[in-house]
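To keep things clear, I will list the structure first and then write my remarks on it.
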Amino acid sequence: MKKLTEILFVVFLLAPFGILAQTFNIKDFGALANGKTINTQAIQSTIDKCYTQGGGEVIVPAGVFYTGTIFLKSNVYLHLLPGAVLQGSYNPADYPEHNILSHQKFGTITHDGQFAKFEKALVIADNAQNVGIIGEGTVKGAGDGEAFQVGMNKDNRPMNIYFIGCSNVKLKDIKVLNAAQITISISKCEKVFVDGLYVNSLVNWNNDGMDVDSREVVISNCIIEAEDDALCFKSEYLNKMCENITVTNCVVSSSCNGIKLGTGSRTGFRNITVNNCIIKRGQEDKYLHWKMTPEIVFKETTPSVNTGIVILGVDGGVVENISFSNIVMTDVVSPIFIRVGKRFLNPEGKPSVMKNISIQNVIAQSRSIIPSIVAGLEESPAKDIRLSNIRISIPIVVTADFLKSFPATITEDIKGYPENRMTFGKLLPASSFYVRHVEGITMNDITITYGNDEARPAFYYDDVRNIQLRNVIVNDHKIDTNTTLVESKNSDMIGFGK
């Protein structure tokens, strides 16, 4: 009797984790893996039945099942068994426009200041609770299809997975491939758990790997290979922060940016930590092809990451309490880009605010003369920036003759699209860090290595207050009060610590 009681107690504890969940196999509802049947209705019927019966798992067995848009519902988990492939239809008509106007989300691609009316995706969950996709199977888009090859920043292309307004979301162990646009978007959700995903999307324009605009999020143990930004956090709602997020143990590769906060930054980002991640170049670059010349980028025909770490506040929101640590990045044009801009203002007519940013324990192999950039606005400087234990190697230099062609005055584009190559141009007066409009920056234990022919100072400060340099070494030369490796303009005296 005691043994039976113990067994029942264990079963009771495991029940919330799905051990006793009902299962519904899509084959029992008419789904066929014959390579030609569109199974949208059969799969949706399975999901609907599971939902009306109180929830459980919808089983997708081994095989390739073609389908158009399917809608997940509360308490329903799509379980992709090993060998299972949800293959997105190559017919655009199989992806109806899904109305999201009630969510009051600003546009993802067009950035025109208007609320997005519709989105398209292969798998959609809207206002669902306790929902997700799990298993060892694959969600494969039709992004390589001719009908979806419509060019950069064009709408009406389906994402692979789109969760909006959901809570208690789980994505675990699945593979997500070949999107026609953003691969995975998790928007306006709460309590999100993403673990063990393999994402590969290199077959179309705007193929972000994973976009997240949510609260209470854990992302771990993922490999993301993307044509566009690999892991991108967004803030596309008013009065709703993208916040309380941790990312750990991920490997990301991109032909654009590795890990990015922005560009969308309406309300802002808060309490985000990224730890133990690798950032590297994509295995191929079919679409972006940055126009770089050999004096700007070393091995300019080899794909590269545009910027490894990007932190943006350009749409009127607040960016605060952001931490990156234990990051290794290779083949980057610029390691770091931190920027307060003025693309949009907040409802009070004020620009973004940025404060309390920490980046530490970074190894970066750069391939460009474009330095890392930390820049606020004159009326809204970036505040309390701490960079520590950072190692950067740069295999390309600006010679004295080349430096003569650099502009005497650096102009900044405060309203345009914020990017390392565009905001200040490619020809900057610093080899390693260009810092502008900042109040409080500490750079501790920084080591820079580049060729001896570099004609620019390593660090250039313009309109910067409270500069602290501690244990900063450039080509084995420690920076002190007599160095020529630091230049400042309209800035406070630099403090050199031990």
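Identifiers in the structure tokens: chain A, B, ... in order shown; residue index from 1 per chain; ligand index from 1 in order shown.
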Find the residues near region 35-40 of chain A: any atom within 9 Å, counting only C-alpha atoms, skip ones fewer than 4 places away on the same chain, and give them as a list in words.
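Answer for this query is Gly30, Ala31, Gln44, Ser45, Val64, Phe65, Tyr66, Thr67, Gly68, Thr69, Ile70, Ser89 and Asp94 of chain A.
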Shell of 8 Å around region 386-393 of chain A, only C-alpha atoms, local chain residues under 6 positions omitted, as a PyMOL selection string:
chain A and resi 356-366+441-450
May I have the selected residues written with C-alpha atoms, as a PDB file, in the first residue's frame?
ATOM      1  CA  ASN A 356      24.149  51.045 -17.264  1.00  0.00           C
ATOM      2  CA  ILE A 357      25.684  48.924 -20.014  1.00  0.00           C
ATOM      3  CA  SER A 358      28.319  46.306 -19.199  1.00  0.00           C
ATOM      4  CA  ILE A 359      30.398  44.280 -21.666  1.00  0.00           C
ATOM      5  CA  GLN A 360      33.126  42.077 -20.229  1.00  0.00           C
ATOM      6  CA  ASN A 361      35.299  39.071 -20.986  1.00  0.00           C
ATOM      7  CA  VAL A 362      35.322  39.390 -24.773  1.00  0.00           C
ATOM      8  CA  ILE A 363      37.743  38.029 -27.356  1.00  0.00           C
ATOM      9  CA  ALA A 364      37.202  39.586 -30.784  1.00  0.00           C
ATOM     10  CA  GLN A 365      38.956  39.078 -34.099  1.00  0.00           C
ATOM     11  CA  SER A 366      38.064  42.034 -36.286  1.00  0.00           C
ATOM     12  CA  ILE A 441      32.812  55.320 -19.570  1.00  0.00           C
ATOM     13  CA  THR A 442      35.206  52.925 -17.860  1.00  0.00           C
ATOM     14  CA  MET A 443      37.533  50.831 -19.987  1.00  0.00           C
ATOM     15  CA  ASN A 444      39.383  48.346 -17.840  1.00  0.00           C
ATOM     16  CA  ASP A 445      41.842  45.644 -18.874  1.00  0.00           C
ATOM     17  CA  ILE A 446      41.637  46.266 -22.627  1.00  0.00           C
ATOM     18  CA  THR A 447      44.221  44.790 -24.985  1.00  0.00           C
ATOM     19  CA  ILE A 448      44.405  45.861 -28.630  1.00  0.00           C
ATOM     20  CA  THR A 449      46.683  44.307 -31.231  1.00  0.00           C
ATOM     21  CA  TYR A 450      47.204  45.653 -34.760  1.00  0.00           C
TER      22      TYR A 450
END
Taking only C-alpha atoms into account, produce a table as CSV in which each residue of region 56-158 of chain A with an atom at most 12 Å from an atom of region 239-261 of chain A appears once, together with its shortest atom pair and the distance in Å to one decimal, ordered by chain and rising number.
residue,atom,partner,partner_atom,distance
A:His103,CA,A:Lys240,CA,11.3
A:Gln104,CA,A:Asn239,CA,10.8
A:Lys105,CA,A:Lys240,CA,10.4
Residues within 10 Å of Lys27 (chain A), please, as a PyMOL selection string. Count only C-alpha atoms; anything in the same chain fewer than 4 positions from it doesn't count.
chain A and resi 31-33+39+42-43+46+59-61+65
Could you pull out the strand (DSSP E) residues of region 32-158 of chain A, going by DSSP on the backbone, and write them as a ChimeraX atom specification?
/A:56-60,63-67,70-72,76-80,84-88,98-99,118-119,121-126,129-135,138-140
Restrict the selected residues to C-alpha atoms and save them as a PDB file, in the first residue's frame.
ATOM      1  CA  GLY A  56      -2.196  17.741 -24.942  1.00  0.00           C
ATOM      2  CA  GLU A  57       0.258  16.915 -27.703  1.00  0.00           C
ATOM      3  CA  VAL A  58      -0.295  16.886 -31.438  1.00  0.00           C
ATOM      4  CA  ILE A  59       2.061  14.247 -32.788  1.00  0.00           C
ATOM      5  CA  VAL A  60       3.787  14.708 -36.132  1.00  0.00           C
ATOM      6  CA  GLY A  63       7.752  11.922 -42.850  1.00  0.00           C
ATOM      7  CA  VAL A  64       7.518  15.136 -44.846  1.00  0.00           C
ATOM      8  CA  PHE A  65       4.127  16.789 -44.414  1.00  0.00           C
ATOM      9  CA  TYR A  66       3.419  19.745 -46.689  1.00  0.00           C
ATOM     10  CA  THR A  67       1.223  22.406 -45.147  1.00  0.00           C
ATOM     11  CA  ILE A  70      -1.557  26.282 -39.034  1.00  0.00           C
ATOM     12  CA  PHE A  71      -2.675  27.891 -35.761  1.00  0.00           C
ATOM     13  CA  LEU A  72      -1.629  26.534 -32.384  1.00  0.00           C
ATOM     14  CA  VAL A  76      -1.525  22.393 -27.236  1.00  0.00           C
ATOM     15  CA  TYR A  77       2.052  21.365 -27.935  1.00  0.00           C
ATOM     16  CA  LEU A  78       3.154  20.356 -31.397  1.00  0.00           C
ATOM     17  CA  HIS A  79       5.441  17.353 -30.931  1.00  0.00           C
ATOM     18  CA  LEU A  80       7.688  16.639 -33.907  1.00  0.00           C
ATOM     19  CA  ALA A  84       9.209  14.553 -38.899  1.00  0.00           C
ATOM     20  CA  VAL A  85       9.238  17.579 -41.215  1.00  0.00           C
ATOM     21  CA  LEU A  86       6.554  20.230 -41.408  1.00  0.00           C
ATOM     22  CA  GLN A  87       7.326  21.498 -44.890  1.00  0.00           C
ATOM     23  CA  GLY A  88       5.886  24.887 -45.755  1.00  0.00           C
ATOM     24  CA  HIS A  98      -3.343  36.992 -40.089  1.00  0.00           C
ATOM     25  CA  ASN A  99      -4.748  40.174 -38.579  1.00  0.00           C
ATOM     26  CA  PHE A 118      -1.109  41.558 -40.878  1.00  0.00           C
ATOM     27  CA  GLU A 119       1.589  38.919 -40.594  1.00  0.00           C
ATOM     28  CA  ALA A 121       3.730  32.502 -40.957  1.00  0.00           C
ATOM     29  CA  LEU A 122       3.817  28.741 -41.284  1.00  0.00           C
ATOM     30  CA  VAL A 123       2.994  28.203 -37.591  1.00  0.00           C
ATOM     31  CA  ILE A 124       1.110  30.901 -35.672  1.00  0.00           C
ATOM     32  CA  ALA A 125       0.048  31.115 -32.027  1.00  0.00           C
ATOM     33  CA  ASP A 126      -1.953  34.224 -31.100  1.00  0.00           C
ATOM     34  CA  GLN A 129      -1.315  30.008 -23.121  1.00  0.00           C
ATOM     35  CA  ASN A 130       0.756  26.913 -22.403  1.00  0.00           C
ATOM     36  CA  VAL A 131       1.758  26.384 -26.003  1.00  0.00           C
ATOM     37  CA  GLY A 132       4.823  25.372 -27.958  1.00  0.00           C
ATOM     38  CA  ILE A 133       6.712  23.141 -30.348  1.00  0.00           C
ATOM     39  CA  ILE A 134       8.920  20.359 -29.034  1.00  0.00           C
ATOM     40  CA  GLY A 135      10.680  17.251 -30.271  1.00  0.00           C
ATOM     41  CA  THR A 138      11.907  20.052 -38.294  1.00  0.00           C
ATOM     42  CA  VAL A 139       9.864  23.099 -39.244  1.00  0.00           C
ATOM     43  CA  LYS A 140      11.036  23.889 -42.769  1.00  0.00           C
TER      44      LYS A 140
END
